[in-house]
Amino acid sequence: MNDALDVAVRLLLVFVAFLVLPLVVGQTEHKVMAHMQGRLGPMYAGGFHGWAQLVADGVKFAQKEDVVPKDADRRVFQLAPAVALLPYLLVLVAIPVAPGSVGAVVDAGVFFALAVMGVGVLGSLMAGWASANKFSLLGGLRTAAQLLAYELPMLLAAASVAMAAGTVSLTGVLDAFEWWWVPWQIVGALVFFVAGLAELQRPPFDMPVADSEIIFGAYTEYTGLRFALFLLAEYAGIVVLCGLTTVLFLGGWHGPWGDDGLGWLWTLLKTAVLAFVVIWLRVSYPRLREDQLQKLAWTTLVPLALAQIALTGIVKVAIQ
């Protein structure tokens, strides 16, 4: 296979995964939450267990009128959903699924992924500012404050793994991975995962977009497909967060019985389990207040991440 065709096939696979996996997570969330809360919801679309309800919801969004507020900055307002969604596609390109199966090998993959994920918040800021709605603007600012609080512990936790592996390449981290890292890096994994949930504004960290707070935050004025793109960005973020956590802390394509050609399956299984945990947390824990949200980041996660880096340094010196 020539280089151009190889690149085209890889990008096509990544694009298909980007379109399919977030929808699978969304449908799974609807059904898991329904069973956990004892309210089954729509069961007729598509026949068996209402499997096509998400498709029906997509058609519903497509049929809704695309409304732009009169005083809004039209160009920025219309561009914001794409800015919120596309960074996750770029990160997905760099996540290794199996040996030799990665859209693009990035030498500084760890920091590339975290930096590009941080760009997604610009979509919320753009949406809030361009809506010409003071409540939307406040919601966008709350989102930015939350990102600033949780970006630091997330970066520190990822830095611990990079220090252990001696590289900031995602494939390099997997090449250096050892199973005894899992208990050693478990604190960093928890910090990374929790901080990632907060960046995605997932429950219990969803105060900026909670319906009981500031009327869905920065997205108040959005309707139709543009509103659906913000929801899709949330589910795409779940896929990316769970994939990165799998690669950095759970060994990615490494299975319990050695590398037997099923690396892609192990990666997908670990990612799916973490996605289920994301849904489980949404059902199980109440929403945090703003002061609790900031306190958790600065007084708990940051010290834990720093302690993990210190432990990594001690272990690295001890084994050399």
# chains A, B, ... in the order shown; residues from 1 in each chain; ligands from 1
>>> residues_around(residues="Gly50 (chain A)", least_positions_apart="3", cutoff="12 Å", atoms="only C-alpha atoms", output="ChimeraX atom specification")
/A:27-28,30-31,34,40-47,53-57
>>> write_last_selection(atoms="all heavy atoms", output="compact mmCIF listing (two decimals), in the first residue's frame")
# COMPACT_ATOMS: atom_id res chain seq x y z
N GLN A 27 -26.25 6.58 23.08
CA GLN A 27 -27.33 5.60 23.20
C GLN A 27 -27.17 4.75 24.46
O GLN A 27 -28.14 4.47 25.17
CB GLN A 27 -27.36 4.71 21.95
CG GLN A 27 -28.41 3.62 21.96
CD GLN A 27 -29.83 4.16 21.82
OE1 GLN A 27 -30.02 5.37 21.67
NE2 GLN A 27 -30.81 3.28 21.87
N THR A 28 -25.94 4.35 24.74
CA THR A 28 -25.67 3.57 25.94
C THR A 28 -26.03 4.35 27.20
O THR A 28 -26.61 3.81 28.14
CB THR A 28 -24.20 3.13 25.99
OG1 THR A 28 -23.87 2.41 24.81
CG2 THR A 28 -23.93 2.26 27.21
N HIS A 30 -28.29 6.69 27.53
CA HIS A 30 -29.74 6.74 27.68
C HIS A 30 -30.28 5.45 28.30
O HIS A 30 -31.10 5.49 29.23
CB HIS A 30 -30.39 6.94 26.31
CG HIS A 30 -30.17 8.31 25.75
ND1 HIS A 30 -30.43 8.64 24.44
CD2 HIS A 30 -29.67 9.44 26.31
CE1 HIS A 30 -30.13 9.91 24.24
NE2 HIS A 30 -29.67 10.41 25.36
N LYS A 31 -29.80 4.32 27.81
CA LYS A 31 -30.34 3.05 28.28
C LYS A 31 -29.82 2.69 29.68
O LYS A 31 -30.57 2.17 30.52
CB LYS A 31 -29.99 1.94 27.28
CG LYS A 31 -30.71 2.11 25.95
CD LYS A 31 -32.22 2.16 26.15
CE LYS A 31 -32.97 2.42 24.86
NZ LYS A 31 -34.43 2.53 25.09
N ALA A 34 -31.57 4.83 32.14
CA ALA A 34 -32.97 4.42 32.26
C ALA A 34 -33.12 3.24 33.20
O ALA A 34 -34.01 3.22 34.06
CB ALA A 34 -33.51 4.07 30.87
N LEU A 40 -37.66 3.52 31.91
CA LEU A 40 -37.14 2.94 30.68
C LEU A 40 -37.18 3.89 29.50
O LEU A 40 -36.41 3.76 28.57
CB LEU A 40 -37.89 1.66 30.35
CG LEU A 40 -37.79 0.56 31.41
CD1 LEU A 40 -38.49 -0.70 30.94
CD2 LEU A 40 -36.33 0.26 31.75
N GLY A 41 -38.11 4.84 29.49
CA GLY A 41 -38.16 5.80 28.41
C GLY A 41 -38.66 5.20 27.10
O GLY A 41 -39.29 4.14 27.09
N PRO A 42 -38.37 5.87 25.96
CA PRO A 42 -38.87 5.39 24.66
C PRO A 42 -38.35 4.00 24.33
O PRO A 42 -37.15 3.75 24.39
CB PRO A 42 -38.33 6.43 23.66
CG PRO A 42 -38.03 7.64 24.49
CD PRO A 42 -37.60 7.13 25.83
N MET A 43 -39.25 3.10 23.95
CA MET A 43 -38.86 1.72 23.67
C MET A 43 -39.33 1.24 22.30
O MET A 43 -39.25 0.06 21.99
CB MET A 43 -39.48 0.80 24.74
CG MET A 43 -38.98 1.06 26.15
SD MET A 43 -37.27 0.57 26.39
CE MET A 43 -37.46 -1.21 26.42
N TYR A 44 -39.80 2.16 21.45
CA TYR A 44 -40.44 1.72 20.21
C TYR A 44 -39.60 2.00 18.97
O TYR A 44 -39.70 1.26 17.99
CB TYR A 44 -41.80 2.41 20.07
CG TYR A 44 -42.73 2.09 21.21
CD1 TYR A 44 -42.95 3.00 22.23
CD2 TYR A 44 -43.37 0.86 21.29
CE1 TYR A 44 -43.79 2.72 23.29
CE2 TYR A 44 -44.21 0.55 22.35
CZ TYR A 44 -44.42 1.47 23.34
OH TYR A 44 -45.24 1.18 24.39
N ALA A 45 -38.81 3.07 18.95
CA ALA A 45 -38.06 3.44 17.75
C ALA A 45 -37.08 2.33 17.37
O ALA A 45 -36.23 1.96 18.17
CB ALA A 45 -37.30 4.75 17.98
N GLY A 46 -37.25 1.78 16.19
CA GLY A 46 -36.36 0.72 15.72
C GLY A 46 -36.76 -0.67 16.16
O GLY A 46 -36.15 -1.64 15.72
N GLY A 47 -37.74 -0.78 17.05
CA GLY A 47 -38.15 -2.11 17.48
C GLY A 47 -37.48 -2.50 18.78
O GLY A 47 -37.85 -2.01 19.85
N GLN A 53 -33.70 5.18 18.87
CA GLN A 53 -34.19 6.44 19.43
C GLN A 53 -33.22 7.58 19.19
O GLN A 53 -33.61 8.72 18.94
CB GLN A 53 -34.45 6.28 20.93
CG GLN A 53 -35.04 7.52 21.60
CD GLN A 53 -36.37 7.93 21.00
OE1 GLN A 53 -37.23 7.09 20.76
NE2 GLN A 53 -36.54 9.22 20.75
N LEU A 54 -31.93 7.29 19.27
CA LEU A 54 -30.94 8.34 19.04
C LEU A 54 -31.00 8.84 17.60
O LEU A 54 -30.82 10.04 17.34
CB LEU A 54 -29.53 7.81 19.34
CG LEU A 54 -28.49 8.86 19.74
CD1 LEU A 54 -28.90 9.54 21.03
CD2 LEU A 54 -27.12 8.23 19.90
N VAL A 55 -31.26 7.93 16.65
CA VAL A 55 -31.45 8.34 15.25
C VAL A 55 -32.68 9.24 15.14
O VAL A 55 -32.67 10.27 14.45
CB VAL A 55 -31.59 7.10 14.34
CG1 VAL A 55 -31.84 7.53 12.91
CG2 VAL A 55 -30.34 6.24 14.43
N ALA A 56 -33.75 8.86 15.83
CA ALA A 56 -34.97 9.67 15.82
C ALA A 56 -34.70 11.06 16.40
O ALA A 56 -35.20 12.07 15.88
CB ALA A 56 -36.08 8.96 16.60
N ASP A 57 -33.91 11.11 17.47
CA ASP A 57 -33.57 12.41 18.05
C ASP A 57 -32.77 13.25 17.06
O ASP A 57 -32.95 14.47 16.97
CB ASP A 57 -32.76 12.21 19.33
CG ASP A 57 -33.60 11.66 20.46
OD1 ASP A 57 -34.84 11.77 20.39
OD2 ASP A 57 -33.02 11.09 21.41
>>> residues_around(residues="Phe193 (chain A)", least_positions_apart="6", cutoff="12 Å", atoms="only C-alpha atoms", output="PyMOL selection string")
chain A and resi 150-151+153-155+157-158+186-187+199-200+202+237-238+240-246+248-250+271+274-275+277-278+281+301+305
>>> atom_distance(atom1="CA of Leu141 (chain A)", atom2="CA of Leu23 (chain A)")
28.1 Å
>>> closest_residue(among="A:Val194, A:Val97, A:Val116, A:Ala80", to="Ala130 (chain A)", atoms="only C-alpha atoms")
A:Ala80
>>> closest_residue(among="A:Val168, A:Val273, A:Val161, A:Ala4", to="Val105 (chain A)", atoms="only C-alpha atoms")
A:Val168
>>> closest_residue(among="A:Thr267, A:Thr312, A:Ser284, A:Thr143", to="Val239 (chain A)", atoms="only C-alpha atoms")
A:Thr267
>>> decode(residues="region 70-82 of chain A", atoms="all heavy atoms", output="PDB file, in the first residue's frame")
ATOM      1  N   LYS A  70     -31.185  38.070  16.979  1.00  0.00           N
ATOM      2  CA  LYS A  70     -31.074  39.275  16.165  1.00  0.00           C
ATOM      3  C   LYS A  70     -29.783  40.037  16.427  1.00  0.00           C
ATOM      4  O   LYS A  70     -29.123  40.513  15.487  1.00  0.00           O
ATOM      5  CB  LYS A  70     -32.281  40.177  16.442  1.00  0.00           C
ATOM      6  CG  LYS A  70     -32.256  41.501  15.683  1.00  0.00           C
ATOM      7  CD  LYS A  70     -33.455  42.350  16.053  1.00  0.00           C
ATOM      8  CE  LYS A  70     -33.382  43.710  15.362  1.00  0.00           C
ATOM      9  NZ  LYS A  70     -34.548  44.569  15.735  1.00  0.00           N
ATOM     10  N   ASP A  71     -29.404  40.175  17.685  1.00  0.00           N
ATOM     11  CA  ASP A  71     -28.229  40.975  18.043  1.00  0.00           C
ATOM     12  C   ASP A  71     -26.948  40.153  18.130  1.00  0.00           C
ATOM     13  O   ASP A  71     -25.902  40.667  18.543  1.00  0.00           O
ATOM     14  CB  ASP A  71     -28.461  41.672  19.381  1.00  0.00           C
ATOM     15  CG  ASP A  71     -29.613  42.665  19.317  1.00  0.00           C
ATOM     16  OD1 ASP A  71     -29.803  43.274  18.240  1.00  0.00           O
ATOM     17  OD2 ASP A  71     -30.326  42.815  20.321  1.00  0.00           O
ATOM     18  N   ALA A  72     -27.011  38.877  17.784  1.00  0.00           N
ATOM     19  CA  ALA A  72     -25.842  38.006  17.905  1.00  0.00           C
ATOM     20  C   ALA A  72     -24.804  38.322  16.835  1.00  0.00           C
ATOM     21  O   ALA A  72     -25.116  38.865  15.766  1.00  0.00           O
ATOM     22  CB  ALA A  72     -26.263  36.544  17.790  1.00  0.00           C
ATOM     23  N   ASP A  73     -23.554  37.985  17.138  1.00  0.00           N
ATOM     24  CA  ASP A  73     -22.489  38.015  16.132  1.00  0.00           C
ATOM     25  C   ASP A  73     -22.653  36.747  15.291  1.00  0.00           C
ATOM     26  O   ASP A  73     -22.238  35.659  15.690  1.00  0.00           O
ATOM     27  CB  ASP A  73     -21.127  38.043  16.815  1.00  0.00           C
ATOM     28  CG  ASP A  73     -19.982  38.239  15.836  1.00  0.00           C
ATOM     29  OD1 ASP A  73     -20.057  37.676  14.726  1.00  0.00           O
ATOM     30  OD2 ASP A  73     -19.009  38.936  16.172  1.00  0.00           O
ATOM     31  N   ARG A  74     -23.280  36.878  14.129  1.00  0.00           N
ATOM     32  CA  ARG A  74     -23.736  35.726  13.368  1.00  0.00           C
ATOM     33  C   ARG A  74     -22.610  34.752  13.038  1.00  0.00           C
ATOM     34  O   ARG A  74     -22.737  33.542  13.206  1.00  0.00           O
ATOM     35  CB  ARG A  74     -24.434  36.186  12.092  1.00  0.00           C
ATOM     36  CG  ARG A  74     -24.935  35.056  11.205  1.00  0.00           C
ATOM     37  CD  ARG A  74     -25.755  35.601  10.061  1.00  0.00           C
ATOM     38  NE  ARG A  74     -27.004  36.173  10.528  1.00  0.00           N
ATOM     39  CZ  ARG A  74     -28.128  35.476  10.649  1.00  0.00           C
ATOM     40  NH1 ARG A  74     -28.146  34.185  10.323  1.00  0.00           N
ATOM     41  NH2 ARG A  74     -29.231  36.035  11.074  1.00  0.00           N
ATOM     42  N   ARG A  75     -21.482  35.248  12.535  1.00  0.00           N
ATOM     43  CA  ARG A  75     -20.394  34.363  12.109  1.00  0.00           C
ATOM     44  C   ARG A  75     -19.823  33.572  13.284  1.00  0.00           C
ATOM     45  O   ARG A  75     -19.623  32.366  13.198  1.00  0.00           O
ATOM     46  CB  ARG A  75     -19.290  35.167  11.426  1.00  0.00           C
ATOM     47  CG  ARG A  75     -19.661  35.670  10.036  1.00  0.00           C
ATOM     48  CD  ARG A  75     -18.467  36.292   9.352  1.00  0.00           C
ATOM     49  NE  ARG A  75     -18.785  36.720   7.996  1.00  0.00           N
ATOM     50  CZ  ARG A  75     -17.915  37.284   7.172  1.00  0.00           C
ATOM     51  NH1 ARG A  75     -16.666  37.483   7.568  1.00  0.00           N
ATOM     52  NH2 ARG A  75     -18.278  37.643   5.955  1.00  0.00           N
ATOM     53  N   VAL A  76     -19.550  34.267  14.389  1.00  0.00           N
ATOM     54  CA  VAL A  76     -18.995  33.589  15.554  1.00  0.00           C
ATOM     55  C   VAL A  76     -20.013  32.622  16.138  1.00  0.00           C
ATOM     56  O   VAL A  76     -19.677  31.505  16.541  1.00  0.00           O
ATOM     57  CB  VAL A  76     -18.544  34.623  16.611  1.00  0.00           C
ATOM     58  CG1 VAL A  76     -18.029  33.921  17.865  1.00  0.00           C
ATOM     59  CG2 VAL A  76     -17.464  35.525  16.039  1.00  0.00           C
ATOM     60  N   PHE A  77     -21.269  33.026  16.180  1.00  0.00           N
ATOM     61  CA  PHE A  77     -22.345  32.183  16.706  1.00  0.00           C
ATOM     62  C   PHE A  77     -22.445  30.874  15.923  1.00  0.00           C
ATOM     63  O   PHE A  77     -22.608  29.798  16.497  1.00  0.00           O
ATOM     64  CB  PHE A  77     -23.660  32.958  16.625  1.00  0.00           C
ATOM     65  CG  PHE A  77     -24.842  32.247  17.226  1.00  0.00           C
ATOM     66  CD1 PHE A  77     -25.146  32.381  18.571  1.00  0.00           C
ATOM     67  CD2 PHE A  77     -25.657  31.442  16.442  1.00  0.00           C
ATOM     68  CE1 PHE A  77     -26.238  31.722  19.128  1.00  0.00           C
ATOM     69  CE2 PHE A  77     -26.751  30.785  16.986  1.00  0.00           C
ATOM     70  CZ  PHE A  77     -27.043  30.926  18.328  1.00  0.00           C
ATOM     71  N   GLN A  78     -22.333  30.963  14.598  1.00  0.00           N
ATOM     72  CA  GLN A  78     -22.463  29.774  13.765  1.00  0.00           C
ATOM     73  C   GLN A  78     -21.211  28.915  13.776  1.00  0.00           C
ATOM     74  O   GLN A  78     -21.285  27.701  13.553  1.00  0.00           O
ATOM     75  CB  GLN A  78     -22.802  30.195  12.332  1.00  0.00           C
ATOM     76  CG  GLN A  78     -24.171  30.844  12.194  1.00  0.00           C
ATOM     77  CD  GLN A  78     -24.434  31.382  10.803  1.00  0.00           C
ATOM     78  OE1 GLN A  78     -23.505  31.649  10.042  1.00  0.00           O
ATOM     79  NE2 GLN A  78     -25.707  31.533  10.458  1.00  0.00           N
ATOM     80  N   LEU A  79     -20.051  29.519  14.030  1.00  0.00           N
ATOM     81  CA  LEU A  79     -18.791  28.778  14.022  1.00  0.00           C
ATOM     82  C   LEU A  79     -18.537  28.041  15.334  1.00  0.00           C
ATOM     83  O   LEU A  79     -17.831  27.029  15.359  1.00  0.00           O
ATOM     84  CB  LEU A  79     -17.634  29.743  13.731  1.00  0.00           C
ATOM     85  CG  LEU A  79     -16.237  29.152  13.568  1.00  0.00           C
ATOM     86  CD1 LEU A  79     -16.195  28.186  12.380  1.00  0.00           C
ATOM     87  CD2 LEU A  79     -15.208  30.259  13.386  1.00  0.00           C
ATOM     88  N   ALA A  80     -19.108  28.515  16.433  1.00  0.00           N
ATOM     89  CA  ALA A  80     -18.805  27.980  17.765  1.00  0.00           C
ATOM     90  C   ALA A  80     -19.012  26.473  17.892  1.00  0.00           C
ATOM     91  O   ALA A  80     -18.160  25.780  18.468  1.00  0.00           O
ATOM     92  CB  ALA A  80     -19.629  28.727  18.820  1.00  0.00           C
ATOM     93  N   PRO A  81     -20.110  25.879  17.388  1.00  0.00           N
ATOM     94  CA  PRO A  81     -20.273  24.423  17.539  1.00  0.00           C
ATOM     95  C   PRO A  81     -19.149  23.621  16.901  1.00  0.00           C
ATOM     96  O   PRO A  81     -18.709  22.608  17.450  1.00  0.00           O
ATOM     97  CB  PRO A  81     -21.616  24.147  16.849  1.00  0.00           C
ATOM     98  CG  PRO A  81     -22.348  25.434  16.918  1.00  0.00           C
ATOM     99  CD  PRO A  81     -21.311  26.495  16.781  1.00  0.00           C
ATOM    100  N   ALA A  82     -18.661  24.074  15.734  1.00  0.00           N
ATOM    101  CA  ALA A  82     -17.562  23.367  15.078  1.00  0.00           C
ATOM    102  C   ALA A  82     -16.280  23.481  15.890  1.00  0.00           C
ATOM    103  O   ALA A  82     -15.513  22.512  16.001  1.00  0.00           O
ATOM    104  CB  ALA A  82     -17.345  23.924  13.673  1.00  0.00           C
TER     105      ALA A  82
END
